[in-house]
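Everything below belongs to protein.txt, which stores compact mmCIF, N, CA and C atoms.
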```txt
# COMPACT_ATOMS: atom_id res chain seq x y z
N MET H 1241 142.62 177.99 146.90
CA MET H 1241 142.44 179.43 147.01
C MET H 1241 143.52 180.17 146.23
N ILE H 1242 144.76 179.68 146.31
CA ILE H 1242 145.85 180.33 145.60
C ILE H 1242 145.64 180.19 144.09
N LYS H 1243 145.14 179.04 143.66
CA LYS H 1243 144.88 178.83 142.24
C LYS H 1243 143.83 179.81 141.72
N ILE H 1244 142.78 180.02 142.48
CA ILE H 1244 141.72 180.94 142.07
C ILE H 1244 142.25 182.36 142.00
N LEU H 1245 143.03 182.78 142.99
CA LEU H 1245 143.61 184.12 142.97
C LEU H 1245 144.58 184.29 141.81
N PHE H 1246 145.38 183.28 141.54
CA PHE H 1246 146.31 183.33 140.42
C PHE H 1246 145.56 183.46 139.10
N ARG H 1247 144.56 182.63 138.91
CA ARG H 1247 143.79 182.67 137.66
C ARG H 1247 143.06 184.01 137.50
N THR H 1248 142.46 184.48 138.57
CA THR H 1248 141.74 185.75 138.51
C THR H 1248 142.68 186.89 138.16
N SER H 1249 143.82 186.93 138.81
CA SER H 1249 144.74 188.05 138.58
C SER H 1249 145.30 188.04 137.17
N PHE H 1250 145.70 186.87 136.64
CA PHE H 1250 146.25 186.91 135.28
C PHE H 1250 145.18 187.10 134.23
N LEU H 1251 143.95 186.67 134.48
CA LEU H 1251 142.88 186.93 133.52
C LEU H 1251 142.55 188.43 133.45
N ILE H 1252 142.50 189.07 134.62
CA ILE H 1252 142.25 190.51 134.65
C ILE H 1252 143.39 191.25 133.96
N PHE H 1253 144.62 190.86 134.28
CA PHE H 1253 145.79 191.52 133.69
C PHE H 1253 145.82 191.36 132.18
N LEU H 1254 145.60 190.16 131.69
CA LEU H 1254 145.63 189.92 130.24
C LEU H 1254 144.50 190.66 129.52
N ASN H 1255 143.33 190.70 130.12
CA ASN H 1255 142.24 191.42 129.49
C ASN H 1255 142.49 192.93 129.50
N TYR H 1256 143.10 193.41 130.54
CA TYR H 1256 143.45 194.83 130.61
C TYR H 1256 144.45 195.18 129.50
N ILE H 1257 145.38 194.28 129.22
CA ILE H 1257 146.33 194.50 128.13
C ILE H 1257 145.60 194.55 126.79
N VAL H 1258 144.65 193.64 126.58
CA VAL H 1258 143.87 193.65 125.33
C VAL H 1258 143.15 194.97 125.17
N ILE H 1259 142.53 195.45 126.23
CA ILE H 1259 141.78 196.70 126.14
C ILE H 1259 142.71 197.89 125.91
N LEU H 1260 143.82 197.95 126.61
CA LEU H 1260 144.72 199.09 126.45
C LEU H 1260 145.44 199.08 125.10
N GLN H 1261 145.71 197.92 124.54
CA GLN H 1261 146.41 197.85 123.26
C GLN H 1261 145.46 198.01 122.07
N SER H 1262 144.18 197.96 122.30
CA SER H 1262 143.22 198.16 121.22
C SER H 1262 143.00 199.65 121.03
N LYS H 1263 143.41 200.15 119.89
CA LYS H 1263 143.37 201.61 119.64
C LYS H 1263 141.95 202.14 119.45
N ASN H 1264 141.07 201.33 118.88
CA ASN H 1264 139.72 201.80 118.56
C ASN H 1264 138.66 201.22 119.48
N ILE H 1265 139.03 200.86 120.69
CA ILE H 1265 138.05 200.23 121.59
C ILE H 1265 136.96 201.23 121.95
N ASN H 1266 135.74 200.75 121.96
CA ASN H 1266 134.60 201.59 122.28
C ASN H 1266 133.78 200.91 123.36
N ALA H 1267 133.88 201.43 124.57
CA ALA H 1267 133.12 200.90 125.70
C ALA H 1267 132.11 201.94 126.18
N GLN H 1268 131.74 202.84 125.30
CA GLN H 1268 130.85 203.94 125.69
C GLN H 1268 129.47 203.45 126.10
N GLN H 1269 128.98 202.38 125.50
CA GLN H 1269 127.64 201.91 125.82
C GLN H 1269 127.54 201.42 127.26
N ILE H 1270 128.57 200.70 127.74
CA ILE H 1270 128.54 200.24 129.13
C ILE H 1270 128.67 201.43 130.09
N VAL H 1271 129.42 202.45 129.68
CA VAL H 1271 129.54 203.67 130.50
C VAL H 1271 128.18 204.35 130.60
N THR H 1272 127.48 204.43 129.48
CA THR H 1272 126.14 205.03 129.47
C THR H 1272 125.18 204.24 130.34
N ASP H 1273 125.24 202.93 130.26
CA ASP H 1273 124.36 202.09 131.07
C ASP H 1273 124.66 202.23 132.56
N ILE H 1274 125.93 202.29 132.91
CA ILE H 1274 126.31 202.42 134.33
C ILE H 1274 125.96 203.81 134.85
N ASN H 1275 126.11 204.84 134.01
CA ASN H 1275 125.82 206.21 134.43
C ASN H 1275 124.33 206.47 134.67
N ARG H 1276 123.48 205.55 134.28
CA ARG H 1276 122.05 205.71 134.56
C ARG H 1276 121.75 205.62 136.05
N PHE H 1277 122.64 204.93 136.78
CA PHE H 1277 122.48 204.86 138.22
C PHE H 1277 123.10 206.10 138.84
N ILE H 1278 122.40 206.70 139.76
CA ILE H 1278 122.86 207.94 140.37
C ILE H 1278 124.15 207.73 141.17
N ILE H 1279 124.32 206.56 141.73
CA ILE H 1279 125.49 206.27 142.56
C ILE H 1279 126.77 206.30 141.73
N PHE H 1280 126.71 205.85 140.48
CA PHE H 1280 127.91 205.66 139.66
C PHE H 1280 128.07 206.75 138.60
N GLN H 1281 127.80 207.99 138.92
CA GLN H 1281 127.96 209.06 137.95
C GLN H 1281 129.43 209.36 137.69
N ASP H 1282 129.75 209.70 136.45
CA ASP H 1282 131.08 210.13 136.01
C ASP H 1282 132.17 209.11 136.34
N LEU H 1283 132.02 207.93 135.79
CA LEU H 1283 133.04 206.90 135.98
C LEU H 1283 134.26 207.17 135.13
N ASN H 1284 135.41 206.88 135.68
CA ASN H 1284 136.68 206.99 134.98
C ASN H 1284 136.78 205.85 133.96
N GLU H 1285 137.49 206.10 132.87
CA GLU H 1285 137.66 205.08 131.83
C GLU H 1285 138.39 203.86 132.37
N ARG H 1286 139.36 204.05 133.23
CA ARG H 1286 140.13 202.94 133.82
C ARG H 1286 139.25 202.08 134.73
N ILE H 1287 138.31 202.69 135.41
CA ILE H 1287 137.40 201.93 136.27
C ILE H 1287 136.50 201.05 135.42
N VAL H 1288 136.02 201.58 134.31
CA VAL H 1288 135.17 200.80 133.41
C VAL H 1288 135.95 199.62 132.84
N TYR H 1289 137.20 199.85 132.45
CA TYR H 1289 138.03 198.77 131.93
C TYR H 1289 138.30 197.72 133.01
N SER H 1290 138.46 198.17 134.24
CA SER H 1290 138.65 197.23 135.35
C SER H 1290 137.40 196.40 135.59
N ILE H 1291 136.24 197.04 135.50
CA ILE H 1291 134.97 196.32 135.66
C ILE H 1291 134.83 195.25 134.57
N ILE H 1292 135.21 195.59 133.35
CA ILE H 1292 135.14 194.62 132.25
C ILE H 1292 136.09 193.46 132.50
N GLY H 1293 137.32 193.76 132.92
CA GLY H 1293 138.30 192.71 133.19
C GLY H 1293 137.89 191.80 134.33
N ILE H 1294 137.36 192.36 135.39
CA ILE H 1294 136.90 191.56 136.53
C ILE H 1294 135.71 190.70 136.13
N THR H 1295 134.81 191.26 135.34
CA THR H 1295 133.65 190.50 134.90
C THR H 1295 134.07 189.32 134.03
N ILE H 1296 135.01 189.53 133.11
CA ILE H 1296 135.48 188.44 132.25
C ILE H 1296 136.15 187.36 133.10
N ALA H 1297 136.96 187.76 134.07
CA ALA H 1297 137.62 186.77 134.94
C ALA H 1297 136.60 185.97 135.74
N MET H 1298 135.60 186.63 136.29
CA MET H 1298 134.59 185.94 137.09
C MET H 1298 133.74 185.01 136.22
N VAL H 1299 133.38 185.45 135.02
CA VAL H 1299 132.58 184.60 134.13
C VAL H 1299 133.39 183.39 133.69
N THR H 1300 134.68 183.58 133.42
CA THR H 1300 135.54 182.47 133.03
C THR H 1300 135.62 181.43 134.15
N LEU H 1301 135.84 181.89 135.37
CA LEU H 1301 135.93 180.95 136.49
C LEU H 1301 134.59 180.27 136.76
N TRP H 1302 133.51 181.00 136.55
CA TRP H 1302 132.18 180.41 136.73
C TRP H 1302 131.93 179.34 135.67
N PHE H 1303 132.29 179.63 134.40
CA PHE H 1303 132.14 178.63 133.34
C PHE H 1303 133.00 177.40 133.62
N LEU H 1304 134.19 177.60 134.14
CA LEU H 1304 135.03 176.45 134.50
C LEU H 1304 134.35 175.59 135.56
N PHE H 1305 133.77 176.25 136.53
CA PHE H 1305 133.08 175.54 137.61
C PHE H 1305 131.88 174.77 137.07
N ILE H 1306 131.13 175.37 136.16
CA ILE H 1306 129.92 174.75 135.62
C ILE H 1306 130.24 173.62 134.65
N PHE H 1307 131.18 173.85 133.72
CA PHE H 1307 131.43 172.89 132.64
C PHE H 1307 132.39 171.77 132.99
N LYS H 1308 133.19 171.91 134.01
CA LYS H 1308 134.20 170.90 134.30
C LYS H 1308 133.62 169.51 134.60
N PRO H 1309 132.55 169.39 135.36
CA PRO H 1309 132.02 168.04 135.61
C PRO H 1309 131.40 167.38 134.38
N PHE H 1310 131.03 168.14 133.37
CA PHE H 1310 130.33 167.58 132.23
C PHE H 1310 131.25 167.13 131.11
N ILE H 1311 132.50 167.46 131.20
CA ILE H 1311 133.40 167.07 130.12
C ILE H 1311 133.88 165.65 130.35
N GLU H 1312 134.06 164.92 129.29
CA GLU H 1312 134.50 163.53 129.43
C GLU H 1312 135.94 163.49 129.93
N VAL H 1313 136.26 162.46 130.66
CA VAL H 1313 137.58 162.33 131.25
C VAL H 1313 138.65 162.26 130.18
N TYR H 1314 138.40 161.57 129.11
CA TYR H 1314 139.38 161.46 128.03
C TYR H 1314 139.72 162.83 127.45
N LEU H 1315 138.68 163.60 127.15
CA LEU H 1315 138.89 164.90 126.55
C LEU H 1315 139.58 165.84 127.53
N LEU H 1316 139.22 165.77 128.78
CA LEU H 1316 139.83 166.64 129.79
C LEU H 1316 141.29 166.29 129.99
N TYR H 1317 141.63 165.03 129.92
CA TYR H 1317 143.02 164.62 130.16
C TYR H 1317 143.91 164.89 128.94
N TYR H 1318 143.42 164.57 127.75
CA TYR H 1318 144.25 164.66 126.56
C TYR H 1318 144.16 165.99 125.83
N PHE H 1319 143.10 166.72 126.01
CA PHE H 1319 142.96 167.97 125.27
C PHE H 1319 142.46 169.08 126.19
N LYS H 1320 143.12 169.24 127.31
CA LYS H 1320 142.75 170.27 128.27
C LYS H 1320 142.89 171.67 127.69
N TYR H 1321 143.93 171.85 126.87
CA TYR H 1321 144.17 173.18 126.29
C TYR H 1321 142.97 173.64 125.46
N GLY H 1322 142.41 172.74 124.66
CA GLY H 1322 141.24 173.08 123.87
C GLY H 1322 140.03 173.40 124.74
N PHE H 1323 139.90 172.70 125.84
CA PHE H 1323 138.81 172.97 126.78
C PHE H 1323 138.96 174.36 127.37
N TYR H 1324 140.17 174.72 127.80
CA TYR H 1324 140.40 176.05 128.37
C TYR H 1324 140.24 177.14 127.31
N PHE H 1325 140.67 176.86 126.09
CA PHE H 1325 140.49 177.82 125.01
C PHE H 1325 139.01 178.08 124.77
N LEU H 1326 138.21 177.03 124.76
CA LEU H 1326 136.77 177.17 124.56
C LEU H 1326 136.12 177.96 125.69
N ILE H 1327 136.49 177.67 126.92
CA ILE H 1327 135.93 178.39 128.07
C ILE H 1327 136.30 179.86 128.01
N ASN H 1328 137.56 180.16 127.70
CA ASN H 1328 137.98 181.56 127.60
C ASN H 1328 137.28 182.27 126.45
N PHE H 1329 137.12 181.59 125.34
CA PHE H 1329 136.46 182.19 124.19
C PHE H 1329 134.99 182.49 124.49
N ILE H 1330 134.31 181.54 125.10
CA ILE H 1330 132.89 181.74 125.42
C ILE H 1330 132.71 182.87 126.42
N SER H 1331 133.52 182.91 127.45
CA SER H 1331 133.36 183.96 128.47
C SER H 1331 133.72 185.33 127.91
N LEU H 1332 134.80 185.41 127.14
CA LEU H 1332 135.22 186.69 126.58
C LEU H 1332 134.18 187.22 125.61
N SER H 1333 133.73 186.37 124.72
CA SER H 1333 132.76 186.83 123.73
C SER H 1333 131.41 187.17 124.35
N SER H 1334 130.99 186.40 125.35
CA SER H 1334 129.70 186.71 125.98
C SER H 1334 129.74 188.03 126.74
N VAL H 1335 130.84 188.32 127.41
CA VAL H 1335 130.93 189.60 128.13
C VAL H 1335 131.06 190.76 127.15
N TYR H 1336 131.86 190.62 126.11
CA TYR H 1336 131.99 191.70 125.12
C TYR H 1336 130.67 191.95 124.40
N ILE H 1337 129.91 190.91 124.12
CA ILE H 1337 128.62 191.10 123.47
C ILE H 1337 127.61 191.72 124.43
N THR H 1338 127.59 191.23 125.66
CA THR H 1338 126.64 191.77 126.64
C THR H 1338 126.92 193.23 126.97
N PHE H 1339 128.19 193.58 127.13
CA PHE H 1339 128.56 194.95 127.46
C PHE H 1339 128.68 195.84 126.23
N ARG H 1340 128.51 195.27 125.05
CA ARG H 1340 128.59 195.98 123.78
C ARG H 1340 129.93 196.72 123.63
N ILE H 1341 131.00 195.94 123.73
CA ILE H 1341 132.35 196.45 123.55
C ILE H 1341 132.73 196.25 122.08
N TYR H 1342 133.12 197.32 121.42
CA TYR H 1342 133.46 197.24 120.00
C TYR H 1342 134.86 197.81 119.78
N GLY H 1343 135.46 197.46 118.67
CA GLY H 1343 136.72 198.04 118.26
C GLY H 1343 137.95 197.45 118.90
N TYR H 1344 137.84 196.28 119.49
CA TYR H 1344 139.00 195.64 120.11
C TYR H 1344 139.89 195.05 119.03
N SER H 1345 141.16 194.91 119.33
CA SER H 1345 142.13 194.36 118.40
C SER H 1345 141.99 192.84 118.35
N ARG H 1346 141.75 192.31 117.19
CA ARG H 1346 141.57 190.87 117.06
C ARG H 1346 142.87 190.11 117.28
N LEU H 1347 144.00 190.73 116.94
CA LEU H 1347 145.29 190.11 117.18
C LEU H 1347 145.53 189.95 118.68
N TYR H 1348 145.31 191.01 119.44
CA TYR H 1348 145.50 190.92 120.89
C TYR H 1348 144.47 190.03 121.54
N LEU H 1349 143.28 189.95 120.95
CA LEU H 1349 142.26 189.04 121.46
C LEU H 1349 142.69 187.59 121.27
N LEU H 1350 143.26 187.29 120.11
CA LEU H 1350 143.76 185.93 119.86
C LEU H 1350 144.94 185.61 120.79
N LEU H 1351 145.83 186.57 120.99
CA LEU H 1351 146.94 186.38 121.93
C LEU H 1351 146.43 186.17 123.35
N TYR H 1352 145.36 186.90 123.71
CA TYR H 1352 144.75 186.71 125.03
C TYR H 1352 144.23 185.28 125.18
N LEU H 1353 143.54 184.79 124.16
CA LEU H 1353 142.97 183.45 124.23
C LEU H 1353 144.06 182.39 124.34
N LEU H 1354 145.10 182.52 123.54
CA LEU H 1354 146.19 181.54 123.58
C LEU H 1354 146.95 181.59 124.91
N THR H 1355 147.27 182.80 125.36
CA THR H 1355 148.03 182.95 126.61
C THR H 1355 147.22 182.55 127.82
N SER H 1356 145.97 182.98 127.89
CA SER H 1356 145.16 182.64 129.05
C SER H 1356 144.89 181.14 129.12
N SER H 1357 144.71 180.50 127.98
CA SER H 1357 144.49 179.05 127.97
C SER H 1357 145.75 178.32 128.44
N PHE H 1358 146.90 178.79 127.99
CA PHE H 1358 148.16 178.18 128.41
C PHE H 1358 148.40 178.39 129.91
N LEU H 1359 148.13 179.59 130.41
CA LEU H 1359 148.32 179.86 131.84
C LEU H 1359 147.33 179.08 132.70
N MET H 1360 146.14 178.85 132.20
CA MET H 1360 145.18 178.03 132.95
C MET H 1360 145.64 176.59 132.99
N LEU H 1361 146.24 176.14 131.90
CA LEU H 1361 146.79 174.79 131.89
C LEU H 1361 147.94 174.66 132.88
N LEU H 1362 148.77 175.67 132.96
CA LEU H 1362 149.87 175.67 133.93
C LEU H 1362 149.36 175.81 135.36
N SER H 1363 148.30 176.56 135.55
CA SER H 1363 147.78 176.76 136.91
C SER H 1363 147.11 175.50 137.47
N ASP H 1364 146.82 174.54 136.61
CA ASP H 1364 146.28 173.27 137.11
C ASP H 1364 147.27 172.54 138.00
N LYS H 1365 148.54 172.86 137.84
CA LYS H 1365 149.57 172.21 138.64
C LYS H 1365 149.62 172.75 140.07
N ILE H 1366 149.00 173.93 140.29
CA ILE H 1366 148.93 174.52 141.62
C ILE H 1366 147.86 173.79 142.42
N LYS H 1367 148.20 173.39 143.62
CA LYS H 1367 147.23 172.67 144.47
C LYS H 1367 146.39 173.63 145.26
```
Show this structure as structure tokens.
Amino acid sequence: MIKILFRTSFLIFLNYIVILQSKNINAQQIVTDINRFIIFQDLNERIVYSIIGITIAMVTLWFLFIFKPFIEVYLLYYFKYGFYFLINFISLSSVYITFRIYGYSRLYLLLYLLTSSFLMLLSDKIK
């Protein structure tokens, strides 16, 4: 449970940094889609960014849960970092494409992928 909370919190935090450091980020399409529901009228920009961060964290953890049994033991033991990098890349890109997020900084996105993969590798040590 502690491992899941740790992973979720740092994934949300790192993604929030990517979004805030991207000067030309455009999340207007997801705001428009959410505003179609009467319940969620006039959402704050920070709430939308939080929704994006939480969604990326949940998709990443879900992909880890789904793909972990299918990876070979050799690859998982010797190249775990590459496995985590791939999972983070797939989840980040799928959420950004689905939510139609444009204008993010590619440098901060690469730093997100490297840092989140390293932190996931470190979090494996948590029982």
Show me, as JSON, the centre and edge lengths in Å to one decimal of the axis-aligned box that covers every listed atom of region 1248-1263 of chain H with 5 Å on each side.
```
{"center_x": 144.1, "center_y": 193.3, "center_z": 129.1, "size_x": 14.7, "size_y": 27.7, "size_z": 29.4}
```
note = The residue from H:Gln1261, H:Thr1272, H:Thr1248, H:Thr1295 with the smallest atom-to-atom distance to Leu1332 (chain H), counting only C-alpha atoms, is H:Thr1295
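Distance check against Ser1249 (chain H) using only C-alpha atoms: of H:Gln1268, H:Asn1275, H:Asn1328, H:Ser1356, the minimum falls on H:Ser1356.
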query = Near Leu1353 (chain H), within 6.5 Å and counting only N, CA and C atoms, which residues show up once chain neighbours fewer than 4 positions away are dropped, as a list in words?
reply =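 The neighbour list is Phe1325, Asn1328, Phe1329, Tyr1348, Leu1349, Ser1357 and Phe1358 of chain H.
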task = List the neighbours of Arg1340 (chain H) out to 8 Å using all atoms listed in the file; skip same-chain residues closer than 3 positions along the sequence, and give me the result as a VMD selection string.
result = chain H and resid 1266 to 1270 1334 to 1337 1343
message = Taking the DSSP secondary structure from the backbone, can you list the residues of chain H that are helix (DSSP H, G or I), as a PyMOL selection string?
response = chain H and resi 1242-1261+1268-1275+1278-1280+1285-1310+1313-1318+1320-1338+1346-1363
Within-12 Å shell of (133.4, 179.1, 140.3) in input frame, only C-alpha atoms, as a short mmCIF file (atom, residue, chain, number, x, y, z; two decimals) with N, CA and C atoms, keeping the file's coordinate frame:
```
data_model
loop_
_atom_site.label_atom_id
_atom_site.label_comp_id
_atom_site.auth_asym_id
_atom_site.auth_seq_id
_atom_site.Cartn_x
_atom_site.Cartn_y
_atom_site.Cartn_z
N MET H 1241 142.62 177.99 146.90
CA MET H 1241 142.44 179.43 147.01
C MET H 1241 143.52 180.17 146.23
N LYS H 1243 145.14 179.04 143.66
CA LYS H 1243 144.88 178.83 142.24
C LYS H 1243 143.83 179.81 141.72
N ILE H 1244 142.78 180.02 142.48
CA ILE H 1244 141.72 180.94 142.07
C ILE H 1244 142.25 182.36 142.00
N LEU H 1245 143.03 182.78 142.99
CA LEU H 1245 143.61 184.12 142.97
C LEU H 1245 144.58 184.29 141.81
N ARG H 1247 144.56 182.63 138.91
CA ARG H 1247 143.79 182.67 137.66
C ARG H 1247 143.06 184.01 137.50
N THR H 1248 142.46 184.48 138.57
CA THR H 1248 141.74 185.75 138.51
C THR H 1248 142.68 186.89 138.16
N ALA H 1297 136.96 187.76 134.07
CA ALA H 1297 137.62 186.77 134.94
C ALA H 1297 136.60 185.97 135.74
N MET H 1298 135.60 186.63 136.29
CA MET H 1298 134.59 185.94 137.09
C MET H 1298 133.74 185.01 136.22
N VAL H 1299 133.38 185.45 135.02
CA VAL H 1299 132.58 184.60 134.13
C VAL H 1299 133.39 183.39 133.69
N THR H 1300 134.68 183.58 133.42
CA THR H 1300 135.54 182.47 133.03
C THR H 1300 135.62 181.43 134.15
N LEU H 1301 135.84 181.89 135.37
CA LEU H 1301 135.93 180.95 136.49
C LEU H 1301 134.59 180.27 136.76
N TRP H 1302 133.51 181.00 136.55
CA TRP H 1302 132.18 180.41 136.73
C TRP H 1302 131.93 179.34 135.67
N PHE H 1303 132.29 179.63 134.40
CA PHE H 1303 132.14 178.63 133.34
C PHE H 1303 133.00 177.40 133.62
N LEU H 1304 134.19 177.60 134.14
CA LEU H 1304 135.03 176.45 134.50
C LEU H 1304 134.35 175.59 135.56
N PHE H 1305 133.77 176.25 136.53
CA PHE H 1305 133.08 175.54 137.61
C PHE H 1305 131.88 174.77 137.07
N ILE H 1306 131.13 175.37 136.16
CA ILE H 1306 129.92 174.75 135.62
C ILE H 1306 130.24 173.62 134.65
N PHE H 1307 131.18 173.85 133.72
CA PHE H 1307 131.43 172.89 132.64
C PHE H 1307 132.39 171.77 132.99
N LYS H 1308 133.19 171.91 134.01
CA LYS H 1308 134.20 170.90 134.30
C LYS H 1308 133.62 169.51 134.60
#
```
What's around Ile1252 (chain H) at 8 Å? Count only C-alpha atoms, leave out sequence neighbours fewer than 2 positions away in its own chain, and write the answer as a compact mmCIF listing (two decimals) with N, CA and C atoms, keeping the file's coordinate frame.
```
# COMPACT_ATOMS: atom_id res chain seq x y z
N THR H 1248 142.46 184.48 138.57
CA THR H 1248 141.74 185.75 138.51
C THR H 1248 142.68 186.89 138.16
N SER H 1249 143.82 186.93 138.81
CA SER H 1249 144.74 188.05 138.58
C SER H 1249 145.30 188.04 137.17
N PHE H 1250 145.70 186.87 136.64
CA PHE H 1250 146.25 186.91 135.28
C PHE H 1250 145.18 187.10 134.23
N LEU H 1254 145.60 190.16 131.69
CA LEU H 1254 145.63 189.92 130.24
C LEU H 1254 144.50 190.66 129.52
N ASN H 1255 143.33 190.70 130.12
CA ASN H 1255 142.24 191.42 129.49
C ASN H 1255 142.49 192.93 129.50
N TYR H 1256 143.10 193.41 130.54
CA TYR H 1256 143.45 194.83 130.61
C TYR H 1256 144.45 195.18 129.50
N SER H 1290 138.46 198.17 134.24
CA SER H 1290 138.65 197.23 135.35
C SER H 1290 137.40 196.40 135.59
N GLY H 1293 137.32 193.76 132.92
CA GLY H 1293 138.30 192.71 133.19
C GLY H 1293 137.89 191.80 134.33
N ILE H 1294 137.36 192.36 135.39
CA ILE H 1294 136.90 191.56 136.53
C ILE H 1294 135.71 190.70 136.13
N ILE H 1296 135.01 189.53 133.11
CA ILE H 1296 135.48 188.44 132.25
C ILE H 1296 136.15 187.36 133.10
N ALA H 1297 136.96 187.76 134.07
CA ALA H 1297 137.62 186.77 134.94
C ALA H 1297 136.60 185.97 135.74
```
inquiry  = One number please: atom N of Ile1327 (chain H) to atom N of Leu1354 (chain H), in Å, one decimal.
reply    =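 Answer for the atom N of Ile1327 (chain H) to atom N of Leu1354 (chain H) separation: 10.4 Å.
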inquiry  = Could you check the closest approach to Lys1263 (chain H) for each of H:Phe1277, H:Phe1246, H:Leu1359, H:Ser1345 and tell me which residue wins, using all atoms listed in the file?
reply    =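 Selected residue with least distance to Lys1263 (chain H): H:Ser1345.
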request  = Work out how far apart atom N of Leu1326 (chain H) and atom C of Tyr1289 (chain H) are and give it in Å to one decimal.
outcome  = 22.3 Å
ask   = Can you tell me how far CA of Leu1283 (chain H) sits from CA of Leu1347 (chain H), in Å to one decimal?
value =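 If I compute the distance from CA of Leu1283 (chain H) to CA of Leu1347 (chain H), I get 28.0 Å.
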key: Residue among H:Phe1310, H:Tyr1318, H:Tyr1324, H:Phe1253 lying closest to Met1360 (chain H), counting all atoms listed in the file   =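 Between H:Phe1310, H:Tyr1318, H:Tyr1324, H:Phe1253, the residue approaching Met1360 (chain H) most closely is H:Tyr1324.
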task = Using only C-alpha atoms, pick whichever of H:Ile1265, H:Lys1320, H:Arg1346, H:Asp1273 has the shortest atom-to-atom distance to Ser1363 (chain H).
result = H:Lys1320
query = Which residue gives the smallest distance to Ile1259 (chain H) among H:Thr1338, H:Tyr1344, H:Ile1291, H:Tyr1321, with all atoms listed in the file counted?
reply =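 Distance minimum relative to Ile1259 (chain H) lands on H:Tyr1344.
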